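Peer 1: Contents of work.txt (compact mmCIF, C-alpha atoms) are given next:
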# COMPACT_ATOMS: atom_id res chain seq x y z
CA MET A 1 -42.09 -27.27 19.78
CA ARG A 2 -38.81 -27.69 17.97
CA THR A 3 -38.44 -30.61 15.61
CA LYS A 4 -36.50 -33.64 16.77
CA SER A 5 -33.75 -33.05 14.21
CA LYS A 6 -32.89 -29.73 15.88
CA TRP A 7 -32.60 -31.46 19.26
CA SER A 8 -29.98 -33.91 17.99
CA PRO A 9 -26.67 -33.45 19.88
CA GLY A 10 -24.56 -34.49 16.90
CA PRO A 11 -24.33 -36.33 13.57
CA GLY A 12 -25.60 -39.91 13.40
CA ILE A 13 -27.70 -39.56 16.57
CA LYS A 14 -31.44 -40.15 16.31
CA VAL A 15 -33.72 -38.45 18.82
CA GLN A 16 -36.47 -40.76 20.10
CA SER A 17 -38.33 -38.61 22.64
CA ILE A 18 -38.20 -35.28 24.44
CA ALA A 19 -39.75 -34.85 27.88
CA THR A 20 -39.57 -32.63 30.94
CA ASN A 21 -39.32 -33.67 34.56
CA GLY A 22 -41.05 -32.09 37.53
CA ASP A 23 -38.38 -29.36 37.90
CA GLY A 24 -38.81 -28.06 34.35
CA ASP A 25 -35.58 -29.60 33.07
CA TRP A 26 -35.49 -31.31 29.68
CA VAL A 27 -34.51 -34.92 28.99
CA VAL A 28 -33.66 -35.87 25.41
CA SER A 29 -33.65 -39.63 24.71
CA ALA A 30 -31.54 -40.59 21.70
CA CYS A 31 -29.80 -43.60 20.22
CA GLY A 32 -26.72 -44.19 18.09
CA PRO A 33 -26.47 -45.45 14.51
CA SER A 34 -27.87 -48.79 13.35
CA SER A 35 -24.43 -50.19 12.53
CA GLY A 36 -20.86 -49.69 13.64
CA ILE A 37 -17.36 -49.64 12.16
CA CYS A 38 -14.55 -51.51 13.86
CA PRO A 39 -11.74 -49.11 14.82
CA ASP A 40 -9.05 -51.75 14.03
CA CYS A 41 -10.04 -53.40 10.74
CA ARG A 42 -12.48 -50.66 9.61
CA LYS A 43 -15.10 -53.29 8.72
CA GLN A 44 -18.76 -52.44 9.15
CA SER A 45 -20.79 -54.64 11.47
CA ALA A 46 -24.53 -54.88 12.23
CA ARG A 47 -24.23 -57.68 14.86
CA ARG A 48 -25.26 -56.06 18.11
CA HIS A 49 -23.68 -57.44 21.27
CA GLY A 50 -25.44 -55.25 23.82
CA TRP A 51 -26.40 -51.74 24.93
CA SER A 52 -24.87 -49.05 27.10
CA TYR A 53 -26.26 -45.72 28.27
CA ARG A 54 -24.56 -42.36 28.73
CA SER A 55 -26.07 -39.28 30.35
CA LEU A 56 -24.55 -36.10 28.91
CA GLN A 57 -25.15 -32.52 30.02
CA ASP A 58 -26.00 -30.35 27.01
CA LEU A 59 -26.70 -26.68 26.31
CA PRO A 60 -29.66 -25.24 28.30
CA ILE A 61 -33.02 -24.13 26.99
CA GLN A 62 -34.26 -20.79 28.43
CA GLY A 63 -32.18 -21.33 31.56
CA ASN A 64 -33.39 -24.91 32.11
CA GLU A 65 -31.00 -27.84 32.15
CA VAL A 66 -30.90 -30.29 29.26
CA THR A 67 -29.72 -33.88 29.71
CA VAL A 68 -29.13 -36.16 26.75
CA ARG A 69 -29.97 -39.78 27.58
CA LEU A 70 -27.92 -41.50 24.88
CA ARG A 71 -28.19 -45.23 24.15
CA LEU A 72 -25.13 -46.63 22.42
CA SER A 73 -24.68 -50.09 20.94
CA ARG A 74 -21.85 -52.51 21.43
CA TRP A 75 -21.09 -54.46 18.27
CA ARG A 76 -19.37 -57.71 17.41
CA CYS A 77 -16.66 -57.54 14.79
CA SER A 78 -17.61 -59.88 11.92
CA TYR A 79 -14.06 -60.09 10.53
CA ARG A 80 -12.50 -63.25 11.92
CA GLN A 81 -8.90 -62.18 11.44
CA CYS A 82 -9.42 -58.99 13.48
CA GLY A 83 -8.00 -59.07 16.97
CA ARG A 84 -10.88 -57.09 18.42
CA GLN A 85 -14.06 -59.01 19.25
CA THR A 86 -16.40 -56.22 20.34
CA PHE A 87 -16.44 -52.43 20.08
CA SER A 88 -18.80 -49.62 21.00
CA ASP A 89 -20.09 -46.67 19.01
CA PRO A 90 -17.48 -43.89 18.95
CA ILE A 91 -18.89 -40.37 19.31
CA PRO A 92 -15.80 -38.09 19.03
CA ASP A 93 -17.86 -35.19 17.64
CA ILE A 94 -20.26 -35.25 20.60
CA ALA A 95 -18.30 -36.06 23.75
CA SER A 96 -14.92 -37.32 24.88
CA PRO A 97 -14.59 -40.83 26.38
CA TYR A 98 -15.96 -41.06 29.93
CA ALA A 99 -17.09 -37.41 29.75
CA ARG A 100 -20.31 -36.33 31.48
CA ARG A 101 -21.05 -33.37 29.23
CA THR A 102 -21.01 -32.68 25.52
CA LYS A 103 -18.06 -31.01 23.83
CA ARG A 104 -19.94 -27.76 23.26
CA VAL A 105 -20.63 -27.52 27.00
CA ALA A 106 -17.01 -28.45 27.77
CA ASN A 107 -15.82 -25.59 25.54
CA ILE A 108 -17.94 -23.14 27.52
CA VAL A 109 -16.62 -24.55 30.80
CA GLY A 110 -13.06 -24.05 29.61
CA LEU A 111 -13.74 -20.54 28.33
CA LEU A 112 -15.44 -19.29 31.50
CA GLY A 113 -12.99 -21.12 33.75
CA HIS A 114 -10.01 -19.59 31.99
CA GLY A 115 -11.54 -16.10 32.16
CA THR A 116 -13.07 -16.09 35.65
CA GLY A 117 -11.65 -18.95 37.71
CA GLY A 118 -13.18 -21.73 39.77
CA ARG A 119 -15.83 -20.28 42.08
CA PRO A 120 -16.83 -17.32 39.87
CA GLY A 121 -17.15 -19.74 36.96
CA GLU A 122 -19.31 -22.06 39.07
CA ARG A 123 -21.72 -19.24 39.97
CA LEU A 124 -21.95 -18.09 36.36
CA MET A 125 -22.51 -21.59 34.99
CA ASN A 126 -25.32 -22.16 37.51
CA GLN A 127 -27.04 -18.97 36.34
CA LEU A 128 -26.72 -20.08 32.69
CA GLY A 129 -28.44 -23.40 33.38
CA MET A 130 -25.29 -25.58 33.15
CA PRO A 131 -24.39 -26.37 36.79
CA VAL A 132 -20.73 -27.32 37.21
CA SER A 133 -18.70 -27.36 40.40
CA ASP A 134 -15.56 -25.29 40.84
CA ASP A 135 -13.44 -28.44 41.24
CA THR A 136 -14.70 -29.73 37.90
CA ILE A 137 -13.79 -26.43 36.23
CA LEU A 138 -10.24 -26.59 37.62
CA ARG A 139 -9.84 -30.24 36.54
CA HIS A 140 -11.01 -29.28 33.06
CA LEU A 141 -8.44 -26.49 32.88
CA LYS A 142 -5.68 -28.90 33.91
CA ARG A 143 -6.71 -31.36 31.20
CA MET A 144 -6.63 -28.52 28.66
CA ALA A 145 -3.09 -27.64 29.79
CA LEU A 146 -1.97 -31.25 29.30
CA GLN A 147 -3.45 -31.26 25.80
CA ILE A 148 -1.46 -28.12 24.96
CA ASP A 149 1.75 -29.89 26.04
CA ASP A 150 0.99 -32.69 23.58
CA GLU A 151 0.84 -30.28 20.64
CA PRO A 152 3.75 -29.96 18.19
CA PRO A 153 6.48 -27.52 19.22
CA ALA A 154 6.02 -23.89 18.26
CA ARG A 155 7.80 -22.49 15.22
CA ILE A 156 6.69 -18.83 15.06
CA ILE A 157 6.44 -16.85 18.28
CA GLY A 158 5.80 -13.24 19.29
CA ILE A 159 7.58 -11.58 22.21
CA ASP A 160 6.49 -8.37 23.92
CA ASP A 161 6.51 -6.84 27.37
CA TRP A 162 3.54 -6.29 29.67
CA SER A 163 3.25 -4.39 32.92
CA TRP A 164 2.73 -5.86 36.35
CA ARG A 165 2.61 -2.23 37.42
CA LYS A 166 2.75 0.54 34.82
CA SER A 167 6.06 2.41 34.64
CA TRP A 168 7.34 0.35 37.55
CA ARG A 169 7.65 -3.38 36.86
CA TYR A 170 7.37 -5.24 33.56
CA GLY A 171 7.27 -8.86 32.47
CA THR A 172 7.50 -10.72 29.15
CA ILE A 173 4.71 -12.54 27.33
CA ILE A 174 5.44 -15.15 24.66
CA VAL A 175 2.69 -16.10 22.20
CA ASP A 176 2.45 -18.89 19.63
CA LEU A 177 1.40 -16.91 16.56
CA GLU A 178 0.34 -19.96 14.56
CA ARG A 179 -2.09 -21.26 17.19
CA ARG A 180 -2.83 -17.82 18.68
CA LYS A 181 -2.15 -19.05 22.21
CA VAL A 182 -0.06 -17.75 25.10
CA MET A 183 2.89 -20.07 25.63
CA ASP A 184 4.53 -18.57 28.71
CA ILE A 185 4.76 -15.45 30.89
CA LEU A 186 8.10 -14.41 32.35
CA GLU A 187 8.40 -12.37 35.52
CA ASP A 188 10.83 -9.83 34.03
CA ARG A 189 11.98 -8.57 30.64
CA SER A 190 15.71 -9.18 30.96
CA VAL A 191 17.96 -10.58 28.27
CA ALA A 192 19.03 -13.50 30.44
CA SER A 193 15.52 -14.82 31.20
CA VAL A 194 14.29 -14.53 27.60
CA ALA A 195 17.45 -16.09 26.18
CA GLN A 196 17.22 -18.97 28.65
CA TRP A 197 13.60 -19.61 27.65
CA LEU A 198 14.50 -19.60 23.94
CA LYS A 199 17.29 -22.11 24.51
CA ARG A 200 14.73 -24.55 25.96
CA HIS A 201 12.72 -24.31 22.69
CA PRO A 202 15.13 -25.06 19.82
CA SER A 203 12.28 -25.56 17.32
CA ILE A 204 11.62 -21.81 17.03
CA GLU A 205 12.22 -20.52 13.51
CA VAL A 206 10.81 -16.96 13.57
CA VAL A 207 10.75 -14.42 16.42
CA SER A 208 8.39 -11.47 16.01
CA ARG A 209 9.25 -8.59 18.33
CA ASP A 210 9.18 -4.83 18.75
CA ARG A 211 12.05 -2.51 17.88
CA CYS A 212 13.60 -2.82 21.35
CA GLY A 213 17.20 -3.99 21.37
CA LEU A 214 16.66 -6.05 24.53
CA TYR A 215 14.63 -8.77 22.82
CA ALA A 216 16.87 -8.59 19.76
CA GLN A 217 19.90 -9.44 21.90
CA ALA A 218 17.96 -12.19 23.71
CA ALA A 219 16.95 -13.76 20.38
CA ARG A 220 20.53 -13.66 19.11
CA GLU A 221 21.78 -15.42 22.23
CA GLY A 222 18.93 -17.88 22.82
CA ALA A 223 17.79 -18.67 19.25
CA PRO A 224 20.56 -17.85 16.77
CA GLN A 225 18.91 -20.11 14.19
CA ALA A 226 15.68 -18.05 14.20
CA SER A 227 14.89 -15.10 11.95
CA GLN A 228 13.88 -11.86 13.67
CA VAL A 229 11.04 -9.77 12.24
CA ALA A 230 9.27 -6.62 13.44
CA ASP A 231 5.61 -7.14 14.27
CA ARG A 232 2.93 -5.21 12.43
CA PHE A 233 1.59 -3.39 15.50
CA HIS A 234 4.89 -1.70 16.33
CA LEU A 235 5.58 -0.89 12.68
CA PHE A 236 2.30 0.99 12.44
CA GLN A 237 2.91 2.61 15.81
CA ASN A 238 6.35 3.83 14.75
CA LEU A 239 4.89 5.14 11.48
CA ARG A 240 2.19 7.04 13.38
CA LEU A 241 4.73 8.59 15.75
CA ALA A 242 6.95 9.62 12.85
CA ILE A 243 4.04 11.26 11.04
CA GLU A 244 2.92 13.07 14.19
CA GLU A 245 6.45 14.31 14.80
CA GLN A 246 6.80 15.62 11.25
CA MET A 247 3.39 17.30 11.39
CA SER A 248 4.19 18.95 14.72
CA LEU A 249 7.54 20.39 13.57
CA SER A 250 5.94 23.65 12.44
CA GLY A 251 2.68 23.58 14.34
CA ARG A 252 0.50 23.19 11.22
CA ALA A 253 1.63 21.12 8.27
CA THR A 254 -0.71 22.73 5.73
CA GLY A 255 0.45 26.25 6.52
CA ARG A 256 4.13 25.26 6.35
CA ALA A 257 3.60 23.59 2.97
CA LEU A 258 1.95 26.70 1.54
CA LEU A 259 4.52 29.06 3.03
CA PRO A 260 7.17 30.21 0.51
CA ASP A 261 10.79 29.79 1.48
CA GLU A 262 11.46 33.52 1.46
CA ASP A 263 8.59 34.12 3.90
CA ILE A 264 10.11 31.81 6.49
CA GLU A 265 13.29 33.83 6.71
CA THR A 266 13.50 36.34 9.51
CA ASP A 267 13.03 39.99 8.56
CA HIS A 268 15.85 41.61 10.52
CA ASP A 269 14.75 45.07 9.42
CA ASP A 270 11.41 44.73 11.14
CA ARG A 271 12.22 45.44 14.79
CA ALA A 272 8.81 44.38 16.10
CA LEU A 273 9.05 41.04 14.34
CA HIS A 274 12.63 40.57 15.51
CA GLU A 275 11.70 41.09 19.14
CA GLU A 276 9.17 38.25 19.10
CA ALA A 277 10.10 34.81 20.36
CA PRO A 278 11.14 32.37 17.63
CA GLY A 279 8.10 30.14 18.15
CA MET A 280 5.71 33.10 18.12
CA ARG A 281 7.29 34.51 14.95
CA LEU A 282 7.01 31.24 13.06
CA ARG A 283 3.51 30.57 14.36
CA ASN A 284 2.30 34.01 13.29
CA GLN A 285 3.72 33.48 9.81
CA LEU A 286 1.97 30.15 9.56
CA ARG A 287 -1.31 31.64 10.72
CA ARG A 288 -1.11 34.36 8.07
CA THR A 289 -0.31 31.79 5.38
CA HIS A 290 -3.15 29.52 6.47
CA ARG A 291 -5.56 32.46 6.52
CA GLN A 292 -4.48 33.31 2.96
CA SER A 293 -5.07 29.73 1.80
CA ARG A 294 -8.56 29.70 3.36
CA LYS A 295 -9.33 32.94 1.56
CA GLU A 296 -8.33 31.41 -1.78
CA VAL A 297 -10.53 28.37 -1.14
CA PHE A 298 -13.40 30.68 -0.13
CA GLU A 299 -13.10 32.64 -3.38
CA THR A 300 -12.96 29.41 -5.41
CA VAL A 301 -16.17 28.16 -3.80
CA HIS A 302 -18.00 31.40 -4.56
CA ALA A 303 -16.70 31.41 -8.14
CA LEU A 304 -18.02 27.90 -8.72
CA SER A 305 -21.34 28.85 -7.18
CA LYS A 306 -21.69 31.80 -9.58
CA GLU A 307 -21.21 29.37 -12.47
CA GLY A 308 -24.39 27.63 -11.37
CA LEU A 309 -22.92 24.54 -9.70
CA THR A 310 -24.71 22.96 -6.76
CA CYS A 311 -23.19 22.48 -3.32
CA SER A 312 -22.80 18.74 -3.95
CA GLU A 313 -20.93 19.34 -7.21
CA ILE A 314 -18.67 21.95 -5.56
CA ALA A 315 -17.96 19.51 -2.73
CA ARG A 316 -16.94 16.81 -5.23
CA ARG A 317 -14.61 19.19 -7.08
CA THR A 318 -12.95 20.77 -4.04
CA GLY A 319 -12.97 17.83 -1.64
CA TYR A 320 -14.64 19.79 1.19
CA GLY A 321 -17.82 18.77 2.96
CA ARG A 322 -21.17 19.78 1.54
CA ARG A 323 -22.25 21.41 4.80
CA SER A 324 -19.08 23.50 4.90
CA ILE A 325 -19.69 24.62 1.30
CA ALA A 326 -23.27 25.60 2.11
CA LYS A 327 -22.14 27.55 5.19
CA TRP A 328 -19.38 29.41 3.30
CA LEU A 329 -21.85 30.49 0.62
CA THR A 330 -23.84 32.37 3.26
CA PHE A 331 -20.85 34.64 4.05
CA GLU A 332 -19.40 37.42 1.93
CA THR A 333 -15.95 37.18 3.53
CA PRO A 334 -14.16 34.15 4.99
CA PRO A 335 -15.41 33.55 8.56
CA ASP A 336 -12.82 33.78 11.31
CA ARG A 337 -12.05 30.56 13.09
CA ARG A 338 -13.10 30.59 16.71
CA ARG A 339 -10.31 29.64 19.06
CA GLY A 340 -10.96 28.25 22.50
CA ALA A 341 -9.78 30.19 25.51
CA LEU A 342 -6.38 29.13 26.80
CA GLN A 343 -6.32 27.26 30.09
CA PRO A 344 -3.55 26.86 32.70
CA THR A 345 -3.07 23.32 31.37
CA SER A 346 -1.46 24.78 28.23
CA PRO A 347 2.02 26.35 28.28
CA LEU A 348 0.73 28.99 25.81
CA TYR A 349 -1.28 30.40 28.74
CA PHE A 350 2.09 31.63 30.10
CA GLU A 351 3.53 32.54 26.69
CA ALA A 352 4.37 36.12 27.65
CA PHE A 353 6.34 35.01 30.71
CA LEU A 354 8.10 32.23 28.79
CA THR A 355 9.02 34.65 26.00
CA GLN A 356 10.62 37.05 28.45
CA CYS A 357 12.57 34.23 30.11
CA TRP A 358 13.69 33.04 26.67
CA LYS A 359 15.02 36.52 25.84
CA ASP A 360 16.84 36.66 29.19
CA GLY A 361 18.68 33.42 28.41
CA ASN A 362 16.73 31.08 30.67
CA ARG A 363 16.07 28.22 28.22
CA ARG A 364 16.31 25.09 30.34
CA GLY A 365 13.03 23.19 30.31
CA ARG A 366 13.17 22.07 33.94
CA HIS A 367 13.82 25.61 35.19
CA LEU A 368 10.96 27.06 33.12
CA PHE A 369 8.67 24.24 34.20
CA HIS A 370 9.45 25.00 37.86
CA ASP A 371 8.79 28.73 37.34
CA ILE A 372 5.42 28.40 35.60
CA LYS A 373 4.41 25.69 38.06
CA HIS A 374 4.53 28.34 40.81
CA ARG A 375 2.38 30.59 38.61
CA GLY A 376 -0.45 28.07 38.33
CA TYR A 377 0.58 25.80 35.45
CA THR A 378 -1.25 22.45 35.73
CA GLY A 379 -0.03 20.79 32.54
CA SER A 380 2.75 18.28 32.01
CA PHE A 381 6.43 18.80 31.37
CA SER A 382 6.17 17.10 27.96
CA ASN A 383 3.72 19.75 26.71
CA LEU A 384 6.16 22.48 27.71
CA GLU A 385 9.02 20.64 26.01
CA ARG A 386 7.07 20.43 22.75
CA LEU A 387 6.59 24.21 22.77
CA LEU A 388 10.26 24.87 23.56
CA ALA A 389 11.30 22.42 20.83
CA THR A 390 9.55 24.54 18.20
CA TRP A 391 11.38 27.62 19.50
CA ARG A 392 14.75 25.84 19.35
CA ARG A 393 14.11 24.60 15.81
CA ALA A 394 13.15 28.10 14.70
CA GLU A 395 16.52 29.44 15.91
CA ARG A 396 18.49 26.59 14.36
CA PRO A 397 20.71 27.68 11.42
CA GLU A 398 19.54 26.81 7.93
CA SER A 399 22.50 24.45 7.44
CA ASP A 400 21.38 22.39 10.45
CA LYS A 401 17.76 22.30 9.28
CA ASP A 402 18.73 20.73 5.97
CA LYS A 403 20.50 17.82 7.66
Could you quickly redo this structure as structure tokens?
Peer 2:
Amino acid sequence: MRTKSKWSPGPGIKVQSIATNGDGDWVVSACGPSSGICPDCRKQSARRHGWSYRSLQDLPIQGNEVTVRLRLSRWRCSYRQCGRQTFSDPIPDIASPYARRTKRVANIVGLLGHGTGGRPGERLMNQLGMPVSDDTILRHLKRMALQIDDEPPARIIGIDDWSWRKSWRYGTIIVDLERRKVMDILEDRSVASVAQWLKRHPSIEVVSRDRCGLYAQAAREGAPQASQVADRFHLFQNLRLAIEEQMSLSGRATGRALLPDEDIETDHDDRALHEEAPGMRLRNQLRRTHRQSRKEVFETVHALSKEGLTCSEIARRTGYGRRSIAKWLTFETPPDRRRGALQPTSPLYFEAFLTQCWKDGNRRGRHLFHDIKHRGYTGSFSNLERLLATWRRAERPESDKDK
């Protein structure tokens, strides 16, 4: 059996006995401290006036209910000049005044009630061994809401949109970033509604938002005294999108970096190369350059192996994985990379048809998307636009590329 000290519901409480009733539930009998401190004059008193009992619901044990039978003393204040004659033992760390359950149980009631609701929370609490009615859960949530209203006004808030229905209807969520709590949810994401809400909260000093101009305008109108900052999530998201866009400009960033400037220029004397589509021509050049770079790495690995270095040492010097080094050493020539078969979800599956349309002057994305859709294309329009964007950039004059 657990020691009595581990059964104590809080500091200053002494456990006297632990017993079970006929239903298998536990009853913990405990008493308060041997002396009290007057809340008015802060004088300690050991003159007991009487007793009072409180029954508190506590955390369960193996699914069985636990009830704390707590005996508290009522003390007489020994300081004659104090206006209070008697006082009882305060237990703020254990339970709130007039509460019927401990604070740790009340926290669970609030958490499950906020996440599930009244009746679902009632069923879940009964299964956990802490029976609470749905009405009690709702009353507890209302008391928590009143306590939030008593808190100091917010100074730093975060504003972002959220979807009632994706790509159809959006609302606005406002969060107190200092307390990490949701302050309010607006039905739309208009400038007027957000600005009106900010005007009702003049204590706001900092507004954290995304890069959208809608919330920027709302903050300027509703909280001109507040400083506007970009939140970390959208900064990282914008950085990721910028990196992806730069890496997708030429299909493969490593091949473009290794490709000399004179190799990128179009060879007008080579008729076969000139007849290719711009995207195909640039992609073929990048493939040849990447194949050449892999060949140089392959030769470097074999040269280091002939010097007597182990695979682990070669991996540390080159930065490649040890398994890749060991596999390359089993080949005499660089192994060809296996490419997956193209599917109708990729616009490259219809590359021959798109190339012919491009040569004929049909370069509008919507028209090409409609044509390949009738030929079995099952991908999205954005994938086709990314392919056509590489072709347009390849045909762009050098003066425009430098801008």
Peer 1: Taking (3.1, -5.0, 27.5) in the file's coordinates as the center, which residues reach within 8 Å of it, counting only C-alpha atoms, put as a ChimeraX atom specification?
Peer 2: /A:160-163,170-173
Peer 1: Point out the residue among A:Thr330, A:Ser312, A:Gln44, A:Asn64 with the least atom-to-atom distance to A:Gln127, counting only C-alpha atoms.
Peer 2: A:Asn64
Peer 1: Could you name the residues that touch A:Phe87 at 10 Å or less, counting only C-alpha atoms, but leaving out those on the same chain fewer than 5 positions away, as a list in words?
Peer 2: Gly36, Ile37, Cys38, Pro39, Asp40, Ser45, Arg48, His49, Ser73, Arg74, Trp75, Arg76 and Cys77 of chain A
Peer 1: Measure the distance from atom CA of A:Gln237 to atom CA of A:Ser208 in Å and round it to one decimal.
Peer 2: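 According to the coordinates, atom CA of A:Gln237 and atom CA of A:Ser208 are separated by 15.1 Å.
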Peer 1: Just how far from atom CA of A:Asp135 is atom CA of A:Gly118, in Å to one decimal?
Peer 2: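 That distance, rounded to one decimal, is 6.9 Å.
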Peer 1: Quick one: everything within 12 Å of A:Leu309, counting only C-alpha atoms, minus sequence neighbours fewer than 6 positions away in the same chain. Send it as a list of chain:residue names.
Peer 2: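 What passes the distance filter is A:Thr300, A:Val301, A:His302, A:Ala303, A:Ala315, A:Arg316, A:Arg317, A:Ile325, A:Ala326, A:Leu329.
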Peer 1: Can you list, as a list in words, every protein, DNA or RNA residue that comes within 12 Å of A:Pro97 when you count all atoms listed in the file, leaving out same-chain residues fewer than 5 positions away?
Peer 2: Arg54, Leu56, Ser88, Asp89, Pro90, Ile91, Pro92, Thr102 and Lys103 of chain A
Peer 1: When you draw a straight line from atom CA of A:Arg291 to atom CA of A:Leu388, how long is it in Å?
Peer 2: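 Going from atom CA of A:Arg291 over to atom CA of A:Leu388, I get 24.5 Å.
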Peer 1: If we count only C-alpha atoms and set the cut-off at 10 Å, which residues sit around A:Leu128, ignoring sequence neighbours fewer than 4 positions away in its own chain? Please answer as a list in words.
Peer 2: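 Final neighbour list, sorted by chain and number: Leu59, Pro60, Ile61, Gln62, Gly63, Asn64, Glu65, Glu122, Arg123 and Leu124 of chain A.
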Peer 1: Identify which of the residues A:Lys306, A:Val297, A:Arg101, A:Asn238 lies closest to A:Gly319, counting all atoms listed in the file when measuring atom-to-atom distances.
Peer 2: A:Val297
Peer 1: Using only C-alpha atoms, determine which residues lie at most 7 Å from A:Val175, disregarding the query and same-chain residues fewer than 3 positions distant; provide the list as number ranges by chain.
Peer 2: A: 157-159, 180-183
Peer 1: Would you save the residues from that selection as a CSV table (one decimal), keeping the file's coordinate frame, using C-alpha atoms?
Peer 2:
chain,number,residue,atom,x,y,z
A,157,ILE,CA,6.4,-16.8,18.3
A,158,GLY,CA,5.8,-13.2,19.3
A,159,ILE,CA,7.6,-11.6,22.2
A,180,ARG,CA,-2.8,-17.8,18.7
A,181,LYS,CA,-2.2,-19.0,22.2
A,182,VAL,CA,-0.1,-17.8,25.1
A,183,MET,CA,2.9,-20.1,25.6
Peer 1: From (1.8, 26.0, 23.4), in the file's coordinates, out to 8 Å: which residues are reached, counting only C-alpha atoms? Answer as a ChimeraX atom specification.
Peer 2: /A:346-349,351,383-384,386-387
Peer 1: So, with all atoms listed in the file as the atoms that count, which of A:Ser203, A:Thr345, A:Thr318, A:Gln246 lies closest to A:Gln225?
Peer 2: A:Ser203
Peer 1: Taking into account only C-alpha atoms, which residue in the set A:Val229, A:Ala389, A:Leu186, A:Ala95 is nearest to A:Val206?
Peer 2: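 The answer is A:Val229, which sits nearest to A:Val206.
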